[in-house]
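Next up, entry_32.pdb (PDB, C-alpha atoms):
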```
ATOM      1  CA  MET A   1     107.177  18.676 251.534
ATOM      2  CA  LYS A   2     103.481  18.815 252.142
ATOM      3  CA  ALA A   3     100.912  21.251 250.780
ATOM      4  CA  LYS A   4      97.620  21.775 252.590
ATOM      5  CA  ILE A   5      94.977  23.108 250.254
ATOM      6  CA  ARG A   6      91.599  24.501 251.195
ATOM      7  CA  ILE A   7      88.821  24.967 248.664
ATOM      8  CA  THR A   8      85.608  26.851 249.436
ATOM      9  CA  LEU A   9      82.705  28.199 247.449
ATOM     10  CA  LYS A  10      83.095  31.864 246.512
ATOM     11  CA  SER A  11      81.412  34.202 248.962
ATOM     12  CA  GLY A  12      78.574  35.205 246.632
ATOM     13  CA  ILE A  13      77.553  31.616 245.911
ATOM     14  CA  LEU A  14      74.811  29.931 247.868
ATOM     15  CA  ASP A  15      76.222  27.064 249.943
ATOM     16  CA  PRO A  16      73.247  24.777 250.692
ATOM     17  CA  GLU A  17      75.450  22.281 252.559
ATOM     18  CA  GLY A  18      76.769  25.030 254.809
ATOM     19  CA  LYS A  19      73.202  26.153 255.422
ATOM     20  CA  ALA A  20      72.120  22.618 256.377
ATOM     21  CA  ILE A  21      75.043  22.375 258.814
ATOM     22  CA  LYS A  22      74.106  25.741 260.315
ATOM     23  CA  ASN A  23      70.516  24.573 260.820
ATOM     24  CA  ALA A  24      71.755  21.386 262.502
ATOM     25  CA  LEU A  25      73.972  23.415 264.858
ATOM     26  CA  HIS A  26      71.018  25.658 265.701
ATOM     27  CA  THR A  27      68.869  22.593 266.392
ATOM     28  CA  LEU A  28      71.509  21.429 268.881
ATOM     29  CA  GLY A  29      71.275  24.764 270.650
ATOM     30  CA  TYR A  30      74.374  26.524 269.302
ATOM     31  CA  LYS A  31      72.548  29.798 268.765
ATOM     32  CA  GLU A  32      75.896  31.652 268.516
ATOM     33  CA  VAL A  33      76.415  30.289 265.005
ATOM     34  CA  ASP A  34      75.716  33.059 262.492
ATOM     35  CA  ASP A  35      76.803  31.351 259.305
ATOM     36  CA  VAL A  36      78.535  28.182 258.059
ATOM     37  CA  ARG A  37      80.525  27.777 254.863
ATOM     38  CA  GLN A  38      81.975  24.360 254.091
ATOM     39  CA  GLY A  39      84.501  23.147 251.562
ATOM     40  CA  LYS A  40      87.233  20.676 250.662
ATOM     41  CA  TYR A  41      90.612  19.974 252.155
ATOM     42  CA  ILE A  42      93.346  18.336 250.089
ATOM     43  CA  GLU A  43      96.861  17.308 251.170
ATOM     44  CA  ILE A  44      99.536  16.868 248.555
ATOM     45  CA  LYS A  45     102.981  15.397 249.180
ATOM     46  CA  LEU A  46     105.609  16.882 246.902
ATOM     47  CA  SER A  47     109.188  16.093 246.028
ATOM     48  CA  SER A  48     111.496  19.049 245.539
ATOM     49  CA  VAL A  49     110.462  21.344 242.741
ATOM     50  CA  SER A  50     113.037  22.668 240.308
ATOM     51  CA  GLY A  51     112.871  25.527 237.866
ATOM     52  CA  ARG A  52     109.926  27.271 239.509
ATOM     53  CA  SER A  53     108.576  28.087 242.936
ATOM     54  CA  ILE A  54     106.327  25.649 244.805
ATOM     55  CA  GLU A  55     103.776  28.419 245.186
ATOM     56  CA  ASP A  56     103.659  28.844 241.440
ATOM     57  CA  LEU A  57     103.222  25.110 240.885
ATOM     58  CA  LEU A  58     100.459  24.822 243.489
ATOM     59  CA  LYS A  59      98.669  27.859 242.110
ATOM     60  CA  GLU A  60      98.642  26.225 238.691
ATOM     61  CA  MET A  61      97.309  22.930 240.095
ATOM     62  CA  CYS A  62      94.585  24.728 242.035
ATOM     63  CA  GLU A  63      93.461  26.761 239.059
ATOM     64  CA  ARG A  64      93.628  23.972 236.487
ATOM     65  CA  VAL A  65      92.307  20.995 238.414
ATOM     66  CA  LEU A  66      91.699  21.198 242.133
ATOM     67  CA  SER A  67      89.259  24.103 242.158
ATOM     68  CA  ASN A  68      86.775  25.420 239.654
ATOM     69  CA  PRO A  69      87.602  29.137 239.479
ATOM     70  CA  VAL A  70      84.050  29.912 238.315
ATOM     71  CA  MET A  71      82.588  28.970 241.684
ATOM     72  CA  GLU A  72      85.418  28.272 244.127
ATOM     73  CA  ASP A  73      88.280  30.032 245.927
ATOM     74  CA  TYR A  74      91.403  28.270 247.168
ATOM     75  CA  SER A  75      94.205  28.867 249.617
ATOM     76  CA  PHE A  76      97.190  26.768 250.614
ATOM     77  CA  GLU A  77      99.957  26.400 253.173
ATOM     78  CA  ILE A  78     103.258  24.643 252.603
ATOM     79  CA  GLU A  79     104.843  22.526 255.322
ATOM     80  CA  LYS A  80     108.522  21.809 254.774
TER      81      LYS A  80
ATOM     82  CA  MET B  81      74.677   9.910 210.017
ATOM     83  CA  LYS B  82      77.183   8.360 212.384
ATOM     84  CA  PHE B  83      76.922   8.953 216.128
ATOM     85  CA  GLY B  84      79.524   8.137 218.759
ATOM     86  CA  VAL B  85      78.635   7.642 222.426
ATOM     87  CA  ILE B  86      81.616   8.214 224.726
ATOM     88  CA  VAL B  87      81.905   5.773 227.609
ATOM     89  CA  PHE B  88      83.712   7.034 230.707
ATOM     90  CA  PRO B  89      84.271   4.885 233.802
ATOM     91  CA  GLY B  90      80.989   5.516 235.621
ATOM     92  CA  SER B  91      78.822   6.490 232.637
ATOM     93  CA  ASN B  92      75.419   4.847 233.048
ATOM     94  CA  CYS B  93      73.207   6.312 230.321
ATOM     95  CA  ASP B  94      75.512   5.236 227.486
ATOM     96  CA  HIS B  95      73.399   2.186 226.582
ATOM     97  CA  ASP B  96      70.175   4.218 226.678
ATOM     98  CA  CYS B  97      71.641   6.690 224.172
ATOM     99  CA  TYR B  98      72.983   3.871 222.008
ATOM    100  CA  TYR B  99      69.599   2.119 222.026
ATOM    101  CA  VAL B 100      67.641   5.252 221.080
ATOM    102  CA  ILE B 101      70.004   6.210 218.246
ATOM    103  CA  LYS B 102      70.101   2.700 216.824
ATOM    104  CA  ASN B 103      66.543   1.470 217.351
ATOM    105  CA  VAL B 104      64.365   4.574 217.454
ATOM    106  CA  LEU B 105      66.338   7.067 215.376
ATOM    107  CA  LYS B 106      67.666   4.264 213.125
ATOM    108  CA  GLN B 107      71.107   5.805 212.627
ATOM    109  CA  GLU B 108      74.587   4.366 212.831
ATOM    110  CA  VAL B 109      76.118   4.444 216.327
ATOM    111  CA  GLU B 110      79.260   3.222 218.099
ATOM    112  CA  PHE B 111      80.547   3.316 221.655
ATOM    113  CA  ILE B 112      83.856   5.160 222.115
ATOM    114  CA  TRP B 113      86.050   4.297 225.134
ATOM    115  CA  PHE B 114      87.353   7.414 226.894
ATOM    116  CA  ARG B 115      90.995   6.432 226.289
ATOM    117  CA  GLU B 116      90.582   6.559 222.533
ATOM    118  CA  GLU B 117      91.456   9.647 220.580
ATOM    119  CA  ARG B 118      90.082   9.234 217.082
ATOM    120  CA  LEU B 119      86.817  11.007 216.353
ATOM    121  CA  GLU B 120      87.295  11.719 212.646
ATOM    122  CA  ASP B 121      84.777   9.120 211.485
ATOM    123  CA  PHE B 122      81.876  10.578 213.458
ATOM    124  CA  ASP B 123      79.329  13.262 212.648
ATOM    125  CA  ALA B 124      78.047  13.711 216.188
ATOM    126  CA  ILE B 125      79.271  12.798 219.665
ATOM    127  CA  ILE B 126      77.097  12.165 222.712
ATOM    128  CA  LEU B 127      78.495  12.544 226.232
ATOM    129  CA  PRO B 128      76.011  10.482 228.222
ATOM    130  CA  GLY B 129      74.794  10.853 231.781
ATOM    131  CA  GLY B 130      76.132   8.976 234.767
ATOM    132  CA  PHE B 131      78.724   9.478 237.453
ATOM    133  CA  SER B 132      82.074   9.540 235.685
ATOM    134  CA  TYR B 133      84.807   8.812 238.243
ATOM    135  CA  GLY B 134      82.167   8.694 240.967
ATOM    136  CA  ASP B 135      81.803  12.500 240.811
ATOM    137  CA  TYR B 136      85.161  12.717 242.652
ATOM    138  CA  LEU B 137      86.586  16.221 243.105
ATOM    139  CA  ARG B 138      83.632  17.787 241.202
ATOM    140  CA  PRO B 139      81.130  16.131 238.847
ATOM    141  CA  GLY B 140      82.756  15.846 235.421
ATOM    142  CA  ALA B 141      86.109  17.253 236.565
ATOM    143  CA  ILE B 142      88.305  14.188 236.206
ATOM    144  CA  ALA B 143      86.623  13.003 233.000
ATOM    145  CA  SER B 144      87.336  16.405 231.475
ATOM    146  CA  TYR B 145      91.075  15.554 231.509
ATOM    147  CA  SER B 146      90.604  12.338 229.496
ATOM    148  CA  PRO B 147      92.449  11.947 226.186
ATOM    149  CA  ILE B 148      89.126  11.902 224.329
ATOM    150  CA  VAL B 149      88.229  15.397 225.558
ATOM    151  CA  LYS B 150      91.300  16.827 223.817
ATOM    152  CA  SER B 151      90.023  15.316 220.585
ATOM    153  CA  LEU B 152      86.573  16.647 221.388
ATOM    154  CA  ARG B 153      87.936  20.182 221.361
ATOM    155  CA  ARG B 154      89.313  19.664 217.839
ATOM    156  CA  PHE B 155      86.071  17.961 216.810
ATOM    157  CA  SER B 156      84.066  20.962 217.959
ATOM    158  CA  GLU B 157      86.404  23.416 216.215
ATOM    159  CA  ASN B 158      85.810  21.509 212.985
ATOM    160  CA  GLY B 159      82.052  21.901 213.395
ATOM    161  CA  GLY B 160      81.184  18.396 214.674
ATOM    162  CA  LEU B 161      78.015  18.220 216.785
ATOM    163  CA  ILE B 162      78.455  17.491 220.500
ATOM    164  CA  LEU B 163      75.546  16.812 222.855
ATOM    165  CA  GLY B 164      76.289  16.551 226.574
ATOM    166  CA  ILE B 165      73.470  15.176 228.705
ATOM    167  CA  CYS B 166      73.490  15.536 232.506
ATOM    168  CA  ASN B 167      76.971  14.325 233.546
ATOM    169  CA  GLY B 168      77.930  14.955 229.905
ATOM    170  CA  PHE B 169      76.912  18.611 230.397
ATOM    171  CA  GLN B 170      78.987  18.724 233.591
ATOM    172  CA  ILE B 171      81.998  17.363 231.677
ATOM    173  CA  LEU B 172      81.597  19.949 228.871
ATOM    174  CA  ILE B 173      81.533  22.722 231.473
ATOM    175  CA  GLU B 174      84.555  21.393 233.352
ATOM    176  CA  ALA B 175      86.391  21.088 230.020
ATOM    177  CA  GLY B 176      85.617  24.726 229.248
ATOM    178  CA  LEU B 177      83.651  23.848 226.114
ATOM    179  CA  LEU B 178      80.646  25.580 227.675
ATOM    180  CA  PRO B 179      80.719  28.457 230.205
ATOM    181  CA  GLY B 180      79.564  28.551 233.826
ATOM    182  CA  ALA B 181      79.313  25.897 236.530
ATOM    183  CA  LEU B 182      76.782  23.338 237.773
ATOM    184  CA  LEU B 183      76.387  23.548 241.537
ATOM    185  CA  ARG B 184      74.703  21.253 243.980
ATOM    186  CA  ASN B 185      70.897  21.443 243.800
ATOM    187  CA  ARG B 186      69.527  24.109 246.091
ATOM    188  CA  SER B 187      67.485  21.472 247.953
ATOM    189  CA  LEU B 188      70.643  19.332 248.465
ATOM    190  CA  LYS B 189      68.619  16.389 247.166
ATOM    191  CA  PHE B 190      69.190  14.127 244.214
ATOM    192  CA  ILE B 191      66.108  14.899 242.100
ATOM    193  CA  CYS B 192      64.692  12.265 239.789
ATOM    194  CA  LYS B 193      61.429  13.386 238.197
ATOM    195  CA  LYS B 194      59.754  14.564 235.035
ATOM    196  CA  VAL B 195      60.013  18.283 234.372
ATOM    197  CA  TYR B 196      58.865  20.685 231.676
ATOM    198  CA  ILE B 197      61.324  22.709 229.666
ATOM    199  CA  ARG B 198      60.618  25.467 227.171
ATOM    200  CA  VAL B 199      62.535  25.697 223.919
ATOM    201  CA  GLU B 200      64.054  29.184 223.815
ATOM    202  CA  ASN B 201      66.002  28.872 220.572
ATOM    203  CA  SER B 202      64.739  26.697 217.734
ATOM    204  CA  LYS B 203      67.462  27.703 215.283
ATOM    205  CA  THR B 204      70.119  25.354 216.630
ATOM    206  CA  PRO B 205      71.289  22.034 215.120
ATOM    207  CA  PHE B 206      69.613  20.356 218.115
ATOM    208  CA  THR B 207      66.212  22.076 218.060
ATOM    209  CA  ASN B 208      65.497  22.914 214.410
ATOM    210  CA  LEU B 209      62.459  20.602 214.279
ATOM    211  CA  ILE B 210      60.876  22.105 217.401
ATOM    212  CA  THR B 211      58.858  25.315 217.305
ATOM    213  CA  HIS B 212      60.075  28.226 219.404
ATOM    214  CA  GLY B 213      58.400  28.272 222.810
ATOM    215  CA  ARG B 214      57.244  24.670 222.675
ATOM    216  CA  VAL B 215      57.129  22.892 226.042
ATOM    217  CA  LEU B 216      58.850  19.506 226.246
ATOM    218  CA  SER B 217      58.338  16.922 228.962
ATOM    219  CA  LEU B 218      61.646  15.265 229.903
ATOM    220  CA  PRO B 219      63.000  13.616 233.049
ATOM    221  CA  ILE B 220      65.872  14.943 235.145
ATOM    222  CA  ALA B 221      68.035  12.847 237.472
ATOM    223  CA  HIS B 222      70.831  14.768 239.155
ATOM    224  CA  ALA B 223      72.249  16.220 242.360
ATOM    225  CA  HIS B 224      74.424  18.897 240.719
ATOM    226  CA  GLY B 225      72.289  20.717 238.181
ATOM    227  CA  CYS B 226      72.016  24.235 239.526
ATOM    228  CA  TYR B 227      73.362  26.304 236.644
ATOM    229  CA  TYR B 228      75.517  29.223 237.741
ATOM    230  CA  ALA B 229      77.692  31.772 235.961
ATOM    231  CA  ASP B 230      78.801  35.312 236.776
ATOM    232  CA  SER B 231      76.318  38.001 235.790
ATOM    233  CA  LYS B 232      78.364  39.053 232.762
ATOM    234  CA  THR B 233      78.305  35.523 231.351
ATOM    235  CA  ILE B 234      74.577  35.162 232.035
ATOM    236  CA  GLU B 235      73.922  38.454 230.266
ATOM    237  CA  LYS B 236      75.907  37.268 227.272
ATOM    238  CA  LEU B 237      74.130  33.894 227.157
ATOM    239  CA  GLU B 238      70.763  35.626 227.294
ATOM    240  CA  SER B 239      71.479  38.387 224.777
ATOM    241  CA  GLU B 240      73.042  36.036 222.237
ATOM    242  CA  GLY B 241      70.270  33.457 222.428
ATOM    243  CA  LEU B 242      72.561  30.779 223.852
ATOM    244  CA  VAL B 243      70.029  29.640 226.464
ATOM    245  CA  VAL B 244      68.264  26.836 224.592
ATOM    246  CA  PHE B 245      66.095  25.298 227.332
ATOM    247  CA  ARG B 246      64.491  26.746 230.461
ATOM    248  CA  TYR B 247      62.611  24.917 233.222
ATOM    249  CA  CYS B 248      58.947  25.929 233.114
ATOM    250  CA  GLY B 249      55.419  24.963 234.097
ATOM    251  CA  SER B 250      53.178  22.786 231.922
ATOM    252  CA  ASN B 251      52.027  25.838 229.954
ATOM    253  CA  GLY B 252      55.505  27.244 229.491
ATOM    254  CA  GLU B 253      55.352  29.743 232.351
ATOM    255  CA  ILE B 254      58.763  30.448 233.877
ATOM    256  CA  THR B 255      58.296  30.374 237.636
ATOM    257  CA  GLU B 256      60.314  29.729 240.768
ATOM    258  CA  GLU B 257      58.167  26.629 241.488
ATOM    259  CA  SER B 258      59.029  25.085 238.130
ATOM    260  CA  ASN B 259      62.770  25.469 238.773
ATOM    261  CA  PRO B 260      63.784  22.108 240.254
ATOM    262  CA  ASN B 261      67.375  22.848 241.250
ATOM    263  CA  GLY B 262      67.834  26.602 241.679
ATOM    264  CA  SER B 263      69.400  27.297 238.269
ATOM    265  CA  TRP B 264      69.889  30.961 237.360
ATOM    266  CA  ASN B 265      67.055  32.185 235.133
ATOM    267  CA  ASN B 266      65.677  28.604 235.135
ATOM    268  CA  ILE B 267      68.448  27.592 232.707
ATOM    269  CA  ALA B 268      68.249  23.884 231.763
ATOM    270  CA  GLY B 269      70.459  23.860 228.662
ATOM    271  CA  ILE B 270      72.921  26.119 226.838
ATOM    272  CA  ILE B 271      74.747  26.084 223.521
ATOM    273  CA  SER B 272      78.218  27.248 222.476
ATOM    274  CA  ARG B 273      78.629  30.428 220.436
ATOM    275  CA  ASN B 274      79.510  28.487 217.288
ATOM    276  CA  GLY B 275      76.258  26.571 217.808
ATOM    277  CA  ASN B 276      77.527  23.008 217.727
ATOM    278  CA  VAL B 277      78.023  22.128 221.404
ATOM    279  CA  LEU B 278      74.849  21.717 223.480
ATOM    280  CA  GLY B 279      74.741  20.849 227.166
ATOM    281  CA  MET B 280      71.501  20.023 228.979
ATOM    282  CA  MET B 281      70.559  18.545 232.353
ATOM    283  CA  PRO B 282      67.287  16.783 231.301
ATOM    284  CA  HIS B 283      67.526  13.384 229.603
ATOM    285  CA  PRO B 284      66.090  13.317 226.051
ATOM    286  CA  GLU B 285      67.123   9.666 225.645
ATOM    287  CA  ARG B 286      64.788   8.719 228.507
ATOM    288  CA  ALA B 287      61.798  10.205 226.689
ATOM    289  CA  ALA B 288      62.130   8.867 223.176
ATOM    290  CA  GLU B 289      59.287   6.341 222.793
ATOM    291  CA  ASP B 290      55.648   6.124 223.884
ATOM    292  CA  ILE B 291      56.475   3.345 226.314
ATOM    293  CA  MET B 292      58.765   5.765 228.188
ATOM    294  CA  GLY B 293      55.850   8.135 228.821
ATOM    295  CA  SER B 294      57.014  10.892 226.481
ATOM    296  CA  CYS B 295      58.431  11.080 222.954
ATOM    297  CA  ASP B 296      59.587  14.684 223.244
ATOM    298  CA  GLY B 297      63.267  13.787 223.594
ATOM    299  CA  ILE B 298      63.524  12.159 220.192
ATOM    300  CA  LEU B 299      62.926  15.599 218.588
ATOM    301  CA  ILE B 300      66.390  16.653 219.715
ATOM    302  CA  PHE B 301      68.051  13.647 218.065
ATOM    303  CA  GLU B 302      65.893  14.064 214.944
ATOM    304  CA  SER B 303      66.895  17.721 214.723
ATOM    305  CA  MET B 304      70.560  16.652 214.718
ATOM    306  CA  VAL B 305      69.903  14.267 211.827
ATOM    307  CA  ASN B 306      67.968  16.976 209.978
ATOM    308  CA  HIS B 307      70.809  19.463 210.469
ATOM    309  CA  HIS B 308      73.367  16.938 209.285
ATOM    310  CA  GLY B 309      71.355  16.178 206.130
ATOM    311  CA  LYS B 310      71.086  19.837 205.186
ATOM    312  CA  HIS B 311      74.715  20.528 205.989
ATOM    313  CA  LYS B 312      75.877  17.609 203.853
ATOM    314  CA  GLN B 313      73.757  18.786 200.932
ATOM    315  CA  LYS B 314      75.288  22.234 201.172
ATOM    316  CA  ASN B 315      78.811  20.810 201.198
ATOM    317  CA  THR B 316      78.320  18.591 198.166
ATOM    318  CA  ARG B 317      76.683  21.291 196.084
TER     319      ARG B 317
END
```

Take the structure I supplied and represent it as structure tokens, if you would.
Amino acid sequence: MKAKIRITLKSGILDPEGKAIKNALHTLGYKEVDDVRQGKYIEIKLSSVSGRSIEDLLKEMCERVLSNPVMEDYSFEIEK
Amino acid sequence: MKFGVIVFPGSNCDHDCYYVIKNVLKQEVEFIWFREERLEDFDAIILPGGFSYGDYLRPGAIASYSPIVKSLRRFSENGGLILGICNGFQILIEAGLLPGALLRNRSLKFICKKVYIRVENSKTPFTNLITHGRVLSLPIAHAHGCYYADSKTIEKLESEGLVVFRYCGSNGEITEESNPNGSWNNIAGIISRNGNVLGMMPHPERAAEDIMGSCDGILIFESMVNHHGKHKQKNTR
């Protein structure tokens, strides 16, 4: 099993890297770009989980380690 | 007074702290490897600056799961003094020993320069020898020092006097221009509610002797020694 996890800064938090990327895209002429938010992508390979759901396990990992809930949001997909 | 300086893989201000405590402050000091767990023999613990685990995942995140941090929690509950400097501050925040988060500097740049900070609370174990409102000159050297917390937490920090240092101008004026990294309310250092865990982005150990260009940083270490002396007296009475 594989979990694909995406971590981004919460919407209210200034993302200076995203802003720099937006400016670069504008410089290259992509005037259609209104906003850029960037983040992290993590892939985790898992063996079968027993006693609890994979979603539950991943949620715990995201909240304890992979993201900082003070400033980041996460989402994940599971590929079987 | 016995200090311990925790060494994580990637710490790089550990020797500076050790040198200042031993040679300038003239107190007992030992390095503590991050895999160790015993902290009972120490009166104060320093988490030094650096790039623990190469700042992987988030600065301080992986170090905050070290065995020593578990002991640090107990140490703090028992009233031991903990000072986290720069990456040490980031580790304390990731470990949940202090609230909030330290984001990437607003400018996206690693900033290494001397700044001014104003002492906002002189009743802490770390600032008791410094008058309220005094301006200190200390260097910063970080890429992730923009202090952030939700508005409720900020309100609490402010109303309870837990903001200990604020970036300011040379006369103590709090302005946008004197805020090097975009921190909320110019926050440069905060303390825990029980008053024994302090985290700060500026480096007091890099401003502890005339030859370093400023002696202001030594006041923080001297305050710790002063606090310890008084505390010990009270306990033996």

Inset, instruction - May I ask for the distance between CA of Arg184 (chain B) and CA of Gly225 (chain B), given in Å to one decimal place? - result: 6.3 Å

Quick one: contact table of region 245-313 of chain B to region 100-111 of chain B, 9 Å max, nearest atom pair and distance in Å to one decimal per residue, counting only C-alpha atoms, chain and number order, as JSON lines?
```
{"residue": "B:Glu285", "atom": "CA", "partner": "B:Val100", "partner_atom": "CA", "distance": 6.4}
{"residue": "B:Arg286", "atom": "CA", "partner": "B:Val100", "partner_atom": "CA", "distance": 8.7}
{"residue": "B:Ala288", "atom": "CA", "partner": "B:Val100", "partner_atom": "CA", "distance": 6.9}
{"residue": "B:Glu289", "atom": "CA", "partner": "B:Val104", "partner_atom": "CA", "distance": 7.6}
{"residue": "B:Ile298", "atom": "CA", "partner": "B:Leu105", "partner_atom": "CA", "distance": 7.6}
{"residue": "B:Phe301", "atom": "CA", "partner": "B:Leu105", "partner_atom": "CA", "distance": 7.3}
{"residue": "B:Glu302", "atom": "CA", "partner": "B:Leu105", "partner_atom": "CA", "distance": 7.0}
{"residue": "B:Val305", "atom": "CA", "partner": "B:Gln107", "partner_atom": "CA", "distance": 8.6}
```

Inset, instruction - Pick out the chain B residues within 7 Å of chain A. Count all atoms listed in the file. Give them as a list in words. - result: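 Using all atoms listed in the file, chain B residues at most 7 Å from chain A: Gly180, Ala181, Arg186 and Leu188 of chain B.
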
Write a file of the selected residues as a short mmCIF file (atom, residue, chain, number, x, y, z; two decimals), keeping the file's coordinate frame, keeping C-alpha atoms.
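Generated output (selection-v9.cif):
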```cif
data_model
loop_
_atom_site.label_atom_id
_atom_site.label_comp_id
_atom_site.auth_asym_id
_atom_site.auth_seq_id
_atom_site.Cartn_x
_atom_site.Cartn_y
_atom_site.Cartn_z
CA GLY B 180 79.56 28.55 233.83
CA ALA B 181 79.31 25.90 236.53
CA ARG B 186 69.53 24.11 246.09
CA LEU B 188 70.64 19.33 248.46
#
```

Inset, instruction - Could you tell me which residues the PyMOL selection byres ((chain B and resi 88-90) around 10) returns for this structure, as a list in words? - result: Val85, Ile86, Val87, Ser91, Asn92, Cys93, Asp94, Ile112, Trp113, Phe114, Arg115, Leu127, Pro128, Gly129, Gly130, Phe131, Ser132, Tyr133, Gly134, Asp135, Ala143, Ser146, Ile148, Asn167 and Gly168 of chain B

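Counting all atoms listed in the file, the residue from A:Glu63, A:Glu72, A:Glu43, A:Glu79 that sits nearest to Ser11 (chain A) is A:Glu72.
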
Inset, instruction - Excluding Lys45 (chain A) and residues on its chain fewer than 5 positions from it, collect all residues at most 12 Å away from it, counting all atoms listed in the file, and give them as a list in words. - result: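 Here the answer would be Met1, Lys2, Ala3, Lys4, Ile5, Ile54, Leu58, Ile78, Glu79 and Lys80 of chain A.
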
Inset, instruction - Specify as number ranges by chain each residue included when the PyMOL selection byres ((chain B and resi 270) around 10) is applied to this file. - result: B: 169, 178-180, 200-201, 227, 237-238, 241-246, 267-269, 271-273, 275, 277-281

Taking only C-alpha atoms, show region 107-143 of chain B of the given structure as a CSV table (one decimal), in the first residue's frame.
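New file out.csv:
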```csv
chain,number,residue,atom,x,y,z
B,107,GLN,CA,30.2,27.8,36.0
B,108,GLU,CA,30.2,24.1,35.7
B,109,VAL,CA,29.1,22.8,32.3
B,110,GLU,CA,28.9,19.5,30.4
B,111,PHE,CA,27.8,18.4,26.9
B,112,ILE,CA,24.9,16.0,26.8
B,113,TRP,CA,24.5,13.7,23.7
B,114,PHE,CA,20.9,13.7,22.4
B,115,ARG,CA,20.5,9.9,23.0
B,116,GLU,CA,21.1,10.2,26.7
B,117,GLU,CA,18.2,10.5,29.1
B,118,ARG,CA,19.5,11.5,32.5
B,119,LEU,CA,19.2,15.2,33.4
B,120,GLU,CA,18.8,14.9,37.1
B,121,ASP,CA,22.3,16.3,37.9
B,122,PHE,CA,21.7,19.5,36.1
B,123,ASP,CA,20.3,22.9,37.2
B,124,ALA,CA,19.9,24.3,33.7
B,125,ILE,CA,19.8,23.0,30.2
B,126,ILE,CA,20.8,24.8,27.0
B,127,LEU,CA,19.4,23.8,23.6
B,128,PRO,CA,22.0,25.4,21.3
B,129,GLY,CA,21.6,26.8,17.8
B,130,GLY,CA,22.4,25.0,14.6
B,131,PHE,CA,20.7,22.8,12.1
B,132,SER,CA,19.6,19.6,13.9
B,133,TYR,CA,19.0,16.9,11.3
B,134,GLY,CA,19.7,19.4,8.6
B,135,ASP,CA,16.3,21.1,9.2
B,136,TYR,CA,14.6,18.1,7.5
B,137,LEU,CA,10.8,18.1,7.6
B,138,ARG,CA,10.7,21.3,9.6
B,139,PRO,CA,13.5,23.0,11.7
B,140,GLY,CA,13.6,21.3,15.1
B,141,ALA,CA,10.9,18.7,14.2
B,142,ILE,CA,13.0,15.5,14.2
B,143,ALA,CA,15.2,16.6,17.1
```
